[in-house]
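Visitor: Next comes query-v3.cif, mmCIF, C-alpha atoms and all ligand atoms:
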data_upload
loop_
_atom_site.group_PDB
_atom_site.id
_atom_site.type_symbol
_atom_site.label_atom_id
_atom_site.label_comp_id
_atom_site.auth_asym_id
_atom_site.auth_seq_id
_atom_site.Cartn_x
_atom_site.Cartn_y
_atom_site.Cartn_z
ATOM 1 C CA MET Q 18 0.000 0.000 0.000
ATOM 2 C CA ALA Q 19 1.510 3.328 -1.072
ATOM 3 C CA ILE Q 20 2.121 5.985 1.559
ATOM 4 C CA LEU Q 21 0.368 9.342 1.150
ATOM 5 C CA LYS Q 22 1.826 12.288 3.039
ATOM 6 C CA ALA Q 23 1.556 16.053 3.301
ATOM 7 C CA PHE Q 24 4.514 18.444 3.402
ATOM 8 C CA CYS Q 25 4.479 22.187 3.979
ATOM 9 C CA GLY Q 26 7.111 24.116 2.041
ATOM 10 C CA ASP Q 27 8.825 24.618 -1.298
ATOM 11 C CA ILE Q 28 8.393 21.718 -3.741
ATOM 12 C CA THR Q 29 11.706 22.530 -5.441
ATOM 13 C CA ARG Q 30 13.543 21.310 -2.315
ATOM 14 C CA LEU Q 31 12.095 17.803 -2.366
ATOM 15 C CA SER Q 32 14.297 14.803 -3.182
ATOM 16 C CA VAL Q 33 11.693 12.563 -4.774
ATOM 17 C CA ASP Q 34 11.888 10.745 -8.114
ATOM 18 C CA ALA Q 35 9.634 13.363 -9.719
ATOM 19 C CA ILE Q 36 8.028 16.630 -8.694
ATOM 20 C CA VAL Q 37 4.883 17.651 -10.534
ATOM 21 C CA ASN Q 38 4.629 21.130 -12.037
ATOM 22 C CA ALA Q 39 1.329 23.038 -12.269
ATOM 23 C CA ALA Q 40 2.151 24.387 -15.732
ATOM 24 C CA ASN Q 41 0.168 26.147 -18.448
ATOM 25 C CA SER Q 42 -0.528 24.636 -21.848
ATOM 26 C CA SER Q 43 2.465 26.323 -23.496
ATOM 27 C CA LEU Q 44 4.879 24.595 -21.057
ATOM 28 C CA LEU Q 45 7.002 27.725 -21.430
ATOM 29 C CA GLY Q 46 6.995 28.703 -17.760
ATOM 30 C CA GLY Q 47 5.002 31.243 -15.761
ATOM 31 C CA GLY Q 48 4.505 32.395 -12.175
ATOM 32 C CA GLY Q 49 3.700 30.480 -8.987
ATOM 33 C CA VAL Q 50 5.090 26.989 -8.613
ATOM 34 C CA ASP Q 51 5.883 26.854 -12.350
ATOM 35 C CA GLY Q 52 8.179 29.864 -12.052
ATOM 36 C CA ALA Q 53 9.830 28.448 -8.924
ATOM 37 C CA ILE Q 54 10.507 25.104 -10.623
ATOM 38 C CA HIS Q 55 12.008 26.714 -13.734
ATOM 39 C CA ARG Q 56 14.200 29.026 -11.629
ATOM 40 C CA ALA Q 57 15.503 26.136 -9.543
ATOM 41 C CA ALA Q 58 15.991 23.731 -12.467
ATOM 42 C CA GLY Q 59 17.803 26.228 -14.710
ATOM 43 C CA PRO Q 60 17.431 27.145 -18.388
ATOM 44 C CA GLU Q 61 17.902 23.580 -19.652
ATOM 45 C CA LEU Q 62 14.391 22.798 -18.382
ATOM 46 C CA LEU Q 63 12.835 25.527 -20.526
ATOM 47 C CA ALA Q 64 14.727 24.239 -23.570
ATOM 48 C CA GLU Q 65 13.402 20.702 -23.064
ATOM 49 C CA CYS Q 66 9.864 22.011 -22.463
ATOM 50 C CA ALA Q 67 9.987 24.146 -25.604
ATOM 51 C CA ALA Q 68 10.865 21.064 -27.647
ATOM 52 C CA ILE Q 69 7.744 19.265 -26.367
ATOM 53 C CA GLY Q 70 5.493 21.861 -27.994
ATOM 54 C CA GLY Q 71 2.787 22.259 -25.350
ATOM 55 C CA CYS Q 72 0.377 20.095 -23.368
ATOM 56 C CA PRO Q 73 -3.445 20.122 -23.287
ATOM 57 C CA THR Q 74 -5.343 20.663 -20.013
ATOM 58 C CA GLY Q 75 -5.516 17.458 -17.961
ATOM 59 C CA GLU Q 76 -2.557 15.769 -19.659
ATOM 60 C CA ALA Q 77 1.020 15.318 -18.387
ATOM 61 C CA ARG Q 78 4.539 15.355 -19.875
ATOM 62 C CA LEU Q 79 7.861 14.155 -18.422
ATOM 63 C CA THR Q 80 11.190 16.006 -18.470
ATOM 64 C CA ARG Q 81 14.450 15.805 -16.594
ATOM 65 C CA GLY Q 82 14.934 17.862 -13.425
ATOM 66 C CA TYR Q 83 18.348 19.351 -14.240
ATOM 67 C CA ARG Q 84 19.529 21.360 -11.166
ATOM 68 C CA LEU Q 85 16.623 20.227 -8.982
ATOM 69 C CA PRO Q 86 17.173 17.547 -6.342
ATOM 70 C CA ALA Q 87 14.393 15.615 -8.093
ATOM 71 C CA PRO Q 88 15.734 13.921 -11.259
ATOM 72 C CA HIS Q 89 12.409 14.321 -13.112
ATOM 73 C CA VAL Q 90 9.594 16.841 -13.507
ATOM 74 C CA ILE Q 91 6.095 15.872 -14.588
ATOM 75 C CA HIS Q 92 4.369 18.892 -16.124
ATOM 76 C CA THR Q 93 0.596 18.884 -15.993
ATOM 77 C CA VAL Q 94 -1.919 21.568 -16.901
ATOM 78 C CA GLY Q 95 -4.762 22.150 -14.475
ATOM 79 C CA PRO Q 96 -8.122 23.682 -15.398
ATOM 80 C CA VAL Q 97 -8.887 27.361 -14.904
ATOM 81 C CA TRP Q 98 -11.829 27.681 -12.469
ATOM 82 C CA HIS Q 99 -14.921 29.049 -14.238
ATOM 83 C CA GLY Q 100 -17.466 28.281 -11.515
ATOM 84 C CA GLY Q 101 -17.191 24.502 -11.503
ATOM 85 C CA THR Q 102 -19.689 23.643 -14.235
ATOM 86 C CA HIS Q 103 -17.222 23.682 -17.123
ATOM 87 C CA GLY Q 104 -15.612 20.307 -16.559
ATOM 88 C CA GLU Q 105 -13.143 21.569 -13.949
ATOM 89 C CA PRO Q 106 -13.361 18.532 -11.599
ATOM 90 C CA VAL Q 107 -12.948 16.056 -14.469
ATOM 91 C CA ALA Q 108 -9.922 17.960 -15.782
ATOM 92 C CA LEU Q 109 -8.324 18.295 -12.335
ATOM 93 C CA ALA Q 110 -8.760 14.566 -11.643
ATOM 94 C CA ALA Q 111 -7.189 13.846 -15.045
ATOM 95 C CA CYS Q 112 -4.088 15.862 -14.027
ATOM 96 C CA TYR Q 113 -3.506 13.660 -10.974
ATOM 97 C CA ARG Q 114 -4.364 10.415 -12.798
ATOM 98 C CA ASN Q 115 -2.245 11.112 -15.891
ATOM 99 C CA SER Q 116 0.731 12.261 -13.785
ATOM 100 C CA LEU Q 117 0.645 9.055 -11.733
ATOM 101 C CA GLN Q 118 0.245 6.841 -14.792
ATOM 102 C CA LEU Q 119 3.195 8.568 -16.480
ATOM 103 C CA ALA Q 120 5.309 8.003 -13.352
ATOM 104 C CA GLN Q 121 4.231 4.363 -13.259
ATOM 105 C CA ARG Q 122 5.222 3.830 -16.921
ATOM 106 C CA HIS Q 123 8.690 5.237 -16.191
ATOM 107 C CA GLY Q 124 9.192 3.292 -12.966
ATOM 108 C CA LEU Q 125 9.255 6.397 -10.750
ATOM 109 C CA ALA Q 126 8.538 5.335 -7.168
ATOM 110 C CA SER Q 127 8.110 8.634 -5.320
ATOM 111 C CA LEU Q 128 6.230 11.717 -6.436
ATOM 112 C CA ALA Q 129 5.327 15.131 -5.016
ATOM 113 C CA PHE Q 130 2.324 17.153 -6.212
ATOM 114 C CA PRO Q 131 1.708 20.872 -5.668
ATOM 115 C CA CYS Q 132 -1.934 21.919 -5.129
ATOM 116 C CA ILE Q 133 -2.695 22.079 -8.850
ATOM 117 C CA SER Q 134 -5.015 24.890 -10.071
ATOM 118 C CA THR Q 135 -5.483 26.388 -6.592
ATOM 119 C CA GLY Q 136 -3.330 29.490 -7.200
ATOM 120 C CA VAL Q 137 -3.598 31.621 -10.338
ATOM 121 C CA TYR Q 138 -6.206 29.217 -11.786
ATOM 122 C CA ALA Q 139 -8.476 29.881 -8.747
ATOM 123 C CA TYR Q 140 -9.891 26.377 -8.110
ATOM 124 C CA PRO Q 141 -11.343 26.487 -4.545
ATOM 125 C CA PHE Q 142 -8.864 24.829 -2.215
ATOM 126 C CA ALA Q 143 -10.983 22.408 -0.138
ATOM 127 C CA PRO Q 144 -12.742 20.649 -3.042
ATOM 128 C CA ALA Q 145 -9.483 20.560 -5.026
ATOM 129 C CA ALA Q 146 -7.699 18.870 -2.110
ATOM 130 C CA ALA Q 147 -10.475 16.324 -1.551
ATOM 131 C CA LEU Q 148 -10.499 15.477 -5.256
ATOM 132 C CA ALA Q 149 -6.688 15.167 -5.258
ATOM 133 C CA VAL Q 150 -6.579 12.685 -2.369
ATOM 134 C CA ALA Q 151 -9.483 10.590 -3.692
ATOM 135 C CA THR Q 152 -8.091 10.480 -7.246
ATOM 136 C CA VAL Q 153 -4.562 9.600 -6.117
ATOM 137 C CA ARG Q 154 -5.808 6.832 -3.829
ATOM 138 C CA GLN Q 155 -8.003 5.405 -6.604
ATOM 139 C CA THR Q 156 -5.315 5.607 -9.325
ATOM 140 C CA LEU Q 157 -2.601 4.036 -7.157
ATOM 141 C CA VAL Q 158 -4.481 0.730 -7.207
ATOM 142 C CA ASP Q 159 -3.130 0.284 -10.760
ATOM 143 C CA CYS Q 160 0.319 1.829 -10.128
ATOM 144 C CA PRO Q 161 2.348 -0.768 -8.218
ATOM 145 C CA ALA Q 162 5.687 0.985 -8.952
ATOM 146 C CA ILE Q 163 4.676 4.037 -6.895
ATOM 147 C CA GLY Q 164 5.381 3.705 -3.181
ATOM 148 C CA GLU Q 165 5.013 7.250 -1.916
ATOM 149 C CA VAL Q 166 3.040 10.355 -2.889
ATOM 150 C CA THR Q 167 3.591 13.710 -1.164
ATOM 151 C CA PHE Q 168 1.074 16.546 -1.322
ATOM 152 C CA CYS Q 169 3.195 19.678 -1.137
ATOM 153 C CA CYS Q 170 1.353 22.601 0.481
ATOM 154 C CA PHE Q 171 2.575 26.166 0.439
ATOM 155 C CA SER Q 172 0.793 27.522 3.522
ATOM 156 C CA ALA Q 173 0.030 26.251 7.028
ATOM 157 C CA GLY Q 174 -3.714 26.449 6.316
ATOM 158 C CA ASP Q 175 -3.417 24.357 3.167
ATOM 159 C CA PHE Q 176 -1.264 21.841 5.050
ATOM 160 C CA GLU Q 177 -3.949 21.453 7.740
ATOM 161 C CA VAL Q 178 -6.584 20.673 5.102
ATOM 162 C CA TYR Q 179 -4.412 17.860 3.721
ATOM 163 C CA GLN Q 180 -3.554 16.535 7.172
ATOM 164 C CA ARG Q 181 -7.260 16.175 7.917
ATOM 165 C CA LEU Q 182 -7.949 14.474 4.576
ATOM 166 C CA LEU Q 183 -5.038 12.062 4.986
ATOM 167 C CA ALA Q 184 -6.047 11.181 8.537
ATOM 168 C CA ALA Q 185 -9.531 10.313 7.257
ATOM 169 C CA ASP Q 186 -7.992 8.307 4.400
ATOM 170 C CA ALA Q 187 -5.807 6.338 6.855
ATOM 171 C CA GLU Q 188 -8.790 5.665 9.124
ATOM 172 C CA SER Q 189 -10.838 4.311 6.235
ATOM 173 C CA ARG Q 190 -8.386 1.461 5.511
HETATM 174 N N1 LIG M 201 6.231 25.049 -3.844
HETATM 175 C C1 LIG M 201 5.030 24.470 -3.614
HETATM 176 N N2 LIG M 201 3.850 25.059 -3.896
HETATM 177 C C2 LIG M 201 3.897 26.307 -4.426
HETATM 178 C C3 LIG M 201 5.111 26.982 -4.703
HETATM 179 C C4 LIG M 201 6.315 26.303 -4.385
HETATM 180 N N3 LIG M 201 7.521 26.842 -4.612
HETATM 181 N N4 LIG M 201 4.814 28.198 -5.226
HETATM 182 C C5 LIG M 201 3.457 28.292 -5.273
HETATM 183 N N5 LIG M 201 2.905 27.158 -4.776
HETATM 184 P P1 LIG M 201 -0.038 28.209 -9.054
HETATM 185 P P2 LIG M 201 -2.131 27.093 -10.836
HETATM 186 C C6 LIG M 201 1.485 26.775 -4.641
HETATM 187 O O1 LIG M 201 -0.589 29.583 -9.230
HETATM 188 O O2 LIG M 201 -3.203 27.651 -9.979
HETATM 189 C C7 LIG M 201 1.509 29.631 -13.476
HETATM 190 O O3 LIG M 201 1.807 30.920 -13.909
HETATM 191 C C8 LIG M 201 0.443 27.852 -4.569
HETATM 192 O O4 LIG M 201 0.350 28.378 -3.253
HETATM 193 O O5 LIG M 201 1.422 28.031 -9.095
HETATM 194 O O6 LIG M 201 -2.247 25.685 -11.326
HETATM 195 C C9 LIG M 201 1.461 28.622 -14.618
HETATM 196 O O7 LIG M 201 2.368 28.933 -15.640
HETATM 197 C C10 LIG M 201 -0.818 27.067 -4.961
HETATM 198 O O8 LIG M 201 -1.343 26.374 -3.829
HETATM 199 O O9 LIG M 201 -0.659 27.196 -10.182
HETATM 200 C C11 LIG M 201 0.043 28.734 -15.075
HETATM 201 O O10 LIG M 201 -0.129 29.812 -15.971
HETATM 202 C C12 LIG M 201 -0.294 26.026 -5.936
HETATM 203 O O11 LIG M 201 1.134 26.053 -5.808
HETATM 204 C C13 LIG M 201 -0.725 29.006 -13.817
HETATM 205 O O12 LIG M 201 0.202 29.630 -12.923
HETATM 206 C C14 LIG M 201 -0.684 26.262 -7.376
HETATM 207 O O13 LIG M 201 -0.627 27.650 -7.670
HETATM 208 C C15 LIG M 201 -1.212 27.740 -13.172
HETATM 209 O O14 LIG M 201 -2.034 28.065 -12.080
#
Give the structure from the file, written as C-alpha cells.
Ligand code: AR6
Guide:
Amino acid sequence: MAILKAFCGDITRLSVDAIVNAANSSLLGGGGVDGAIHRAAGPELLAECAAIGGCPTGEARLTRGYRLPAPHVIHTVGPVWHGGTHGEPVALAACYRNSLQLAQRHGLASLAFPCISTGVYAYPFAPAAALAVATVRQTLVDCPAIGEVTFCCFSAGDFEVYQRLLAADAESR
C-alpha cells in the first residue's frame, strides 16, 4: 500500500523521483510553482519544455529535473476555475491520474504534487484537495511501482486541510 503524506514548504527542495509542475498549456513557464521550478531547475528545463510543444489541459509530460534535487519533472496543466460547471473537476482529476500513470510507466517510485489549479487558476482549495486525495488513492491501485506520494502545500492552512484528509484516508483502511 503506497504511503500518502503532506509536506508544507517549497516543492523545489524535495528529493523525490519526480516533482509535478502546475504548468500552463504552453509549457514555457510562468509564475507560482511553475516559475519556482524553472528558476531552480535552470534554463535547460525551458529548452526541453519548448521542444515538447505544449500540453493540453488534464494531460502530463515528463522532463528531466536538471539542477533540482528531483531527477524528473512531470508537467501537468490544471483547469482554470470558471465556476465549476465547465468540466473543472474532471480535468483536475485527469491531471492527478495522468501524472501518476506517467510516473508508473517510467518506474518512478516517489512523487510530489503541488496543489494544482489552486493558485492563479483559482480552483477552490478544499474541493481541489479532496479530489486530489481521492483520485490519487483510486489511481494508485493500478500503479504498483509508486510507493510514496507527497502533497506539497505552500501555507500552514493548506497543510492542515491535507492533514485532515489524509487522517480520514488512513482511518478508512
Ligand atoms: N512550492 C510548492 N507550492 C507552491 C510553490 C512552491 N515553490 N509556489 C506556489 N505554490 P499556481 P495554478 C502553490 O498559481 O493555480 C503559473 O503561472 C500555490 O500556493 O502556481 O495551477 C502557470 O504557468 C498554490 O497552492 O498554479 C500557469 O499559468 C499552488 O502552488 C498558472 O500559474 C498552485 O498555484 C497555473 O495556475
Visitor: Pull the neighbourhood of (-0.4, 13.8, 2.1) for me: all residues within 9 Å in file coordinates, counting all atoms listed in the file, as number ranges by chain.
Guide: Q: 20-24, 150, 166-169, 176, 179-180, 182-184
Visitor: Could you give me, as an NGL selection string, the residues within 10 Å of stretch 171-175 of chain Q, counting all atoms listed in the file and dropping anything in the same chain fewer than 4 positions from it?
Guide: :Q and (23-28 or 50 or 131-132 or 142-143 or 146 or 179-180)
Visitor: For ligand LIG 201 (chain M), list the contacting residues at 8 Å or closer, counting all atoms listed in the file, as a VMD selection string.
Guide: chain Q and resid 25 to 29 39 to 42 44 to 54 94 to 97 131 to 140 142 169 to 172 175
Visitor: Store the residues picked out above, limited to C-alpha atoms, as an mmCIF file, in the frame of the given file.
Guide:
data_model
loop_
_atom_site.group_PDB
_atom_site.id
_atom_site.type_symbol
_atom_site.label_atom_id
_atom_site.label_comp_id
_atom_site.auth_asym_id
_atom_site.auth_seq_id
_atom_site.Cartn_x
_atom_site.Cartn_y
_atom_site.Cartn_z
ATOM 1 C CA CYS Q 25 4.479 22.187 3.979
ATOM 2 C CA GLY Q 26 7.111 24.116 2.041
ATOM 3 C CA ASP Q 27 8.825 24.618 -1.298
ATOM 4 C CA ILE Q 28 8.393 21.718 -3.741
ATOM 5 C CA THR Q 29 11.706 22.530 -5.441
ATOM 6 C CA ALA Q 39 1.329 23.038 -12.269
ATOM 7 C CA ALA Q 40 2.151 24.387 -15.732
ATOM 8 C CA ASN Q 41 0.168 26.147 -18.448
ATOM 9 C CA SER Q 42 -0.528 24.636 -21.848
ATOM 10 C CA LEU Q 44 4.879 24.595 -21.057
ATOM 11 C CA LEU Q 45 7.002 27.725 -21.430
ATOM 12 C CA GLY Q 46 6.995 28.703 -17.760
ATOM 13 C CA GLY Q 47 5.002 31.243 -15.761
ATOM 14 C CA GLY Q 48 4.505 32.395 -12.175
ATOM 15 C CA GLY Q 49 3.700 30.480 -8.987
ATOM 16 C CA VAL Q 50 5.090 26.989 -8.613
ATOM 17 C CA ASP Q 51 5.883 26.854 -12.350
ATOM 18 C CA GLY Q 52 8.179 29.864 -12.052
ATOM 19 C CA ALA Q 53 9.830 28.448 -8.924
ATOM 20 C CA ILE Q 54 10.507 25.104 -10.623
ATOM 21 C CA VAL Q 94 -1.919 21.568 -16.901
ATOM 22 C CA GLY Q 95 -4.762 22.150 -14.475
ATOM 23 C CA PRO Q 96 -8.122 23.682 -15.398
ATOM 24 C CA VAL Q 97 -8.887 27.361 -14.904
ATOM 25 C CA PRO Q 131 1.708 20.872 -5.668
ATOM 26 C CA CYS Q 132 -1.934 21.919 -5.129
ATOM 27 C CA ILE Q 133 -2.695 22.079 -8.850
ATOM 28 C CA SER Q 134 -5.015 24.890 -10.071
ATOM 29 C CA THR Q 135 -5.483 26.388 -6.592
ATOM 30 C CA GLY Q 136 -3.330 29.490 -7.200
ATOM 31 C CA VAL Q 137 -3.598 31.621 -10.338
ATOM 32 C CA TYR Q 138 -6.206 29.217 -11.786
ATOM 33 C CA ALA Q 139 -8.476 29.881 -8.747
ATOM 34 C CA TYR Q 140 -9.891 26.377 -8.110
ATOM 35 C CA PHE Q 142 -8.864 24.829 -2.215
ATOM 36 C CA CYS Q 169 3.195 19.678 -1.137
ATOM 37 C CA CYS Q 170 1.353 22.601 0.481
ATOM 38 C CA PHE Q 171 2.575 26.166 0.439
ATOM 39 C CA SER Q 172 0.793 27.522 3.522
ATOM 40 C CA ASP Q 175 -3.417 24.357 3.167
#
Visitor: Report the distance between atom CA of Q:Ala111 and atom CA of Q:Glu76 in Å, rounded to one decimal place.
Guide: 6.8 Å
Visitor: Neighbouring residues of Q:Gly75 were defined as those with any atom within 9 Å, considering only C-alpha atoms; residues of the same chain fewer than 3 positions away were excluded. Please report them as number ranges by chain.
Guide: Q: 72, 93-96, 107-115
Visitor: Write out the residues from the selection above, keeping C-alpha atoms, as a PDB file, in the frame of the given file.
Guide:
ATOM      1  CA  CYS Q  72       0.377  20.095 -23.368  1.00  0.00           C
ATOM      2  CA  THR Q  93       0.596  18.884 -15.993  1.00  0.00           C
ATOM      3  CA  VAL Q  94      -1.919  21.568 -16.901  1.00  0.00           C
ATOM      4  CA  GLY Q  95      -4.762  22.150 -14.475  1.00  0.00           C
ATOM      5  CA  PRO Q  96      -8.122  23.682 -15.398  1.00  0.00           C
ATOM      6  CA  VAL Q 107     -12.948  16.056 -14.469  1.00  0.00           C
ATOM      7  CA  ALA Q 108      -9.922  17.960 -15.782  1.00  0.00           C
ATOM      8  CA  LEU Q 109      -8.324  18.295 -12.335  1.00  0.00           C
ATOM      9  CA  ALA Q 110      -8.760  14.566 -11.643  1.00  0.00           C
ATOM     10  CA  ALA Q 111      -7.189  13.846 -15.045  1.00  0.00           C
ATOM     11  CA  CYS Q 112      -4.088  15.862 -14.027  1.00  0.00           C
ATOM     12  CA  TYR Q 113      -3.506  13.660 -10.974  1.00  0.00           C
ATOM     13  CA  ARG Q 114      -4.364  10.415 -12.798  1.00  0.00           C
ATOM     14  CA  ASN Q 115      -2.245  11.112 -15.891  1.00  0.00           C
TER      15      ASN Q 115
END
Visitor: At a cut-off of 6 Å, using all atoms listed in the file, what residues contact Q:Ser127? Leave out same-chain residues fewer than 4 positions from it and give the result as a PDB file with C-alpha atoms, in the frame of the given file.
Guide:
ATOM      1  CA  VAL Q  33      11.693  12.563  -4.774  1.00  0.00           C
ATOM      2  CA  ASP Q  34      11.888  10.745  -8.114  1.00  0.00           C
ATOM      3  CA  ILE Q 163       4.676   4.037  -6.895  1.00  0.00           C
ATOM      4  CA  GLU Q 165       5.013   7.250  -1.916  1.00  0.00           C
ATOM      5  CA  VAL Q 166       3.040  10.355  -2.889  1.00  0.00           C
TER       6      VAL Q 166
END
Visitor: Given the choices Q:Glu177, Q:Gln118, Q:Leu125, Q:Gly71, which gets closest to Q:Val153 if the distance is worked out from only C-alpha atoms?
Guide: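 Residue with the minimum atom-to-atom distance to Q:Val153: Q:Gln118.
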Visitor: For a test of reading the model, state the distance in Å between atom CA of Q:Cys66 and atom CA of Q:Arg78, rounded to one decimal.
Guide: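 Atom CA of Q:Arg78 lies at a distance of 8.9 Å from atom CA of Q:Cys66.
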Visitor: When distances are computed from all atoms listed in the file, which of Q:Ala68, Q:Ala77, Q:Ala120, Q:Ala129 shows the smallest separation from Q:Pro161?
Guide: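 Answer, going by the shortest atom-to-atom distance: Q:Ala120.
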Visitor: So which one's closest to Q:Thr80, Q:Asn38, Q:Ala147, Q:Pro106, Q:Gly100? Using all atoms listed in the file, please.
Guide: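 The answer is Q:Asn38, which sits nearest to Q:Thr80.
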Visitor: Just the residues within 10 Å of Q:Gly59, please, counting all atoms listed in the file, with nothing from its chain fewer than 4 positions along; format it as a ChimeraX atom specification.
Guide: /Q:54-55,63-64,82-85
Visitor: Step by step: locate stretch 47-68 of chain Q in the block above, keep N, CA and C atoms, then write the file as a CSV table (one decimal), in the first residue's frame.
Guide:
chain,number,residue,atom,x,y,z
Q,47,GLY,N,6.0,30.3,-16.2
Q,47,GLY,CA,5.0,31.2,-15.8
Q,47,GLY,C,5.3,31.7,-14.3
Q,48,GLY,N,4.3,32.0,-13.6
Q,48,GLY,CA,4.5,32.4,-12.2
Q,48,GLY,C,4.3,31.2,-11.2
Q,49,GLY,N,4.0,31.5,-10.0
Q,49,GLY,CA,3.7,30.5,-9.0
Q,49,GLY,C,4.7,29.4,-8.9
Q,50,VAL,N,4.2,28.1,-8.8
Q,50,VAL,CA,5.1,27.0,-8.6
Q,50,VAL,C,5.9,26.7,-9.9
Q,51,ASP,N,5.2,27.0,-11.0
Q,51,ASP,CA,5.9,26.9,-12.4
Q,51,ASP,C,7.2,27.7,-12.4
Q,52,GLY,N,7.0,29.0,-12.0
Q,52,GLY,CA,8.2,29.9,-12.1
Q,52,GLY,C,9.3,29.4,-11.1
Q,53,ALA,N,8.9,28.9,-9.9
Q,53,ALA,CA,9.8,28.4,-8.9
Q,53,ALA,C,10.6,27.2,-9.5
Q,54,ILE,N,9.9,26.3,-10.1
Q,54,ILE,CA,10.5,25.1,-10.6
Q,54,ILE,C,11.5,25.5,-11.7
Q,55,HIS,N,11.1,26.3,-12.6
Q,55,HIS,CA,12.0,26.7,-13.7
Q,55,HIS,C,13.2,27.5,-13.2
Q,56,ARG,N,13.0,28.3,-12.2
Q,56,ARG,CA,14.2,29.0,-11.6
Q,56,ARG,C,15.2,28.1,-11.0
Q,57,ALA,N,14.6,27.1,-10.3
Q,57,ALA,CA,15.5,26.1,-9.5
Q,57,ALA,C,16.2,25.1,-10.5
Q,58,ALA,N,15.5,24.8,-11.6
Q,58,ALA,CA,16.0,23.7,-12.5
Q,58,ALA,C,17.0,24.3,-13.4
Q,59,GLY,N,16.9,25.6,-13.8
Q,59,GLY,CA,17.8,26.2,-14.7
Q,59,GLY,C,17.3,26.2,-16.1
Q,60,PRO,N,17.9,26.9,-17.0
Q,60,PRO,CA,17.4,27.1,-18.4
Q,60,PRO,C,17.3,25.9,-19.2
Q,61,GLU,N,18.0,24.8,-18.9
Q,61,GLU,CA,17.9,23.6,-19.7
Q,61,GLU,C,16.5,23.0,-19.6
Q,62,LEU,N,15.8,23.3,-18.5
Q,62,LEU,CA,14.4,22.8,-18.4
Q,62,LEU,C,13.5,23.5,-19.4
Q,63,LEU,N,13.7,24.8,-19.6
Q,63,LEU,CA,12.8,25.5,-20.5
Q,63,LEU,C,13.1,25.0,-21.9
Q,64,ALA,N,14.4,24.7,-22.2
Q,64,ALA,CA,14.7,24.2,-23.6
Q,64,ALA,C,14.0,22.9,-23.8
Q,65,GLU,N,14.1,22.0,-22.9
Q,65,GLU,CA,13.4,20.7,-23.1
Q,65,GLU,C,11.9,20.9,-23.2
Q,66,CYS,N,11.3,21.8,-22.4
Q,66,CYS,CA,9.9,22.0,-22.5
Q,66,CYS,C,9.5,22.6,-23.8
Q,67,ALA,N,10.3,23.5,-24.3
Q,67,ALA,CA,10.0,24.1,-25.6
Q,67,ALA,C,9.9,23.1,-26.7
Q,68,ALA,N,10.8,22.1,-26.6
Q,68,ALA,CA,10.9,21.1,-27.6
Q,68,ALA,C,9.6,20.2,-27.6
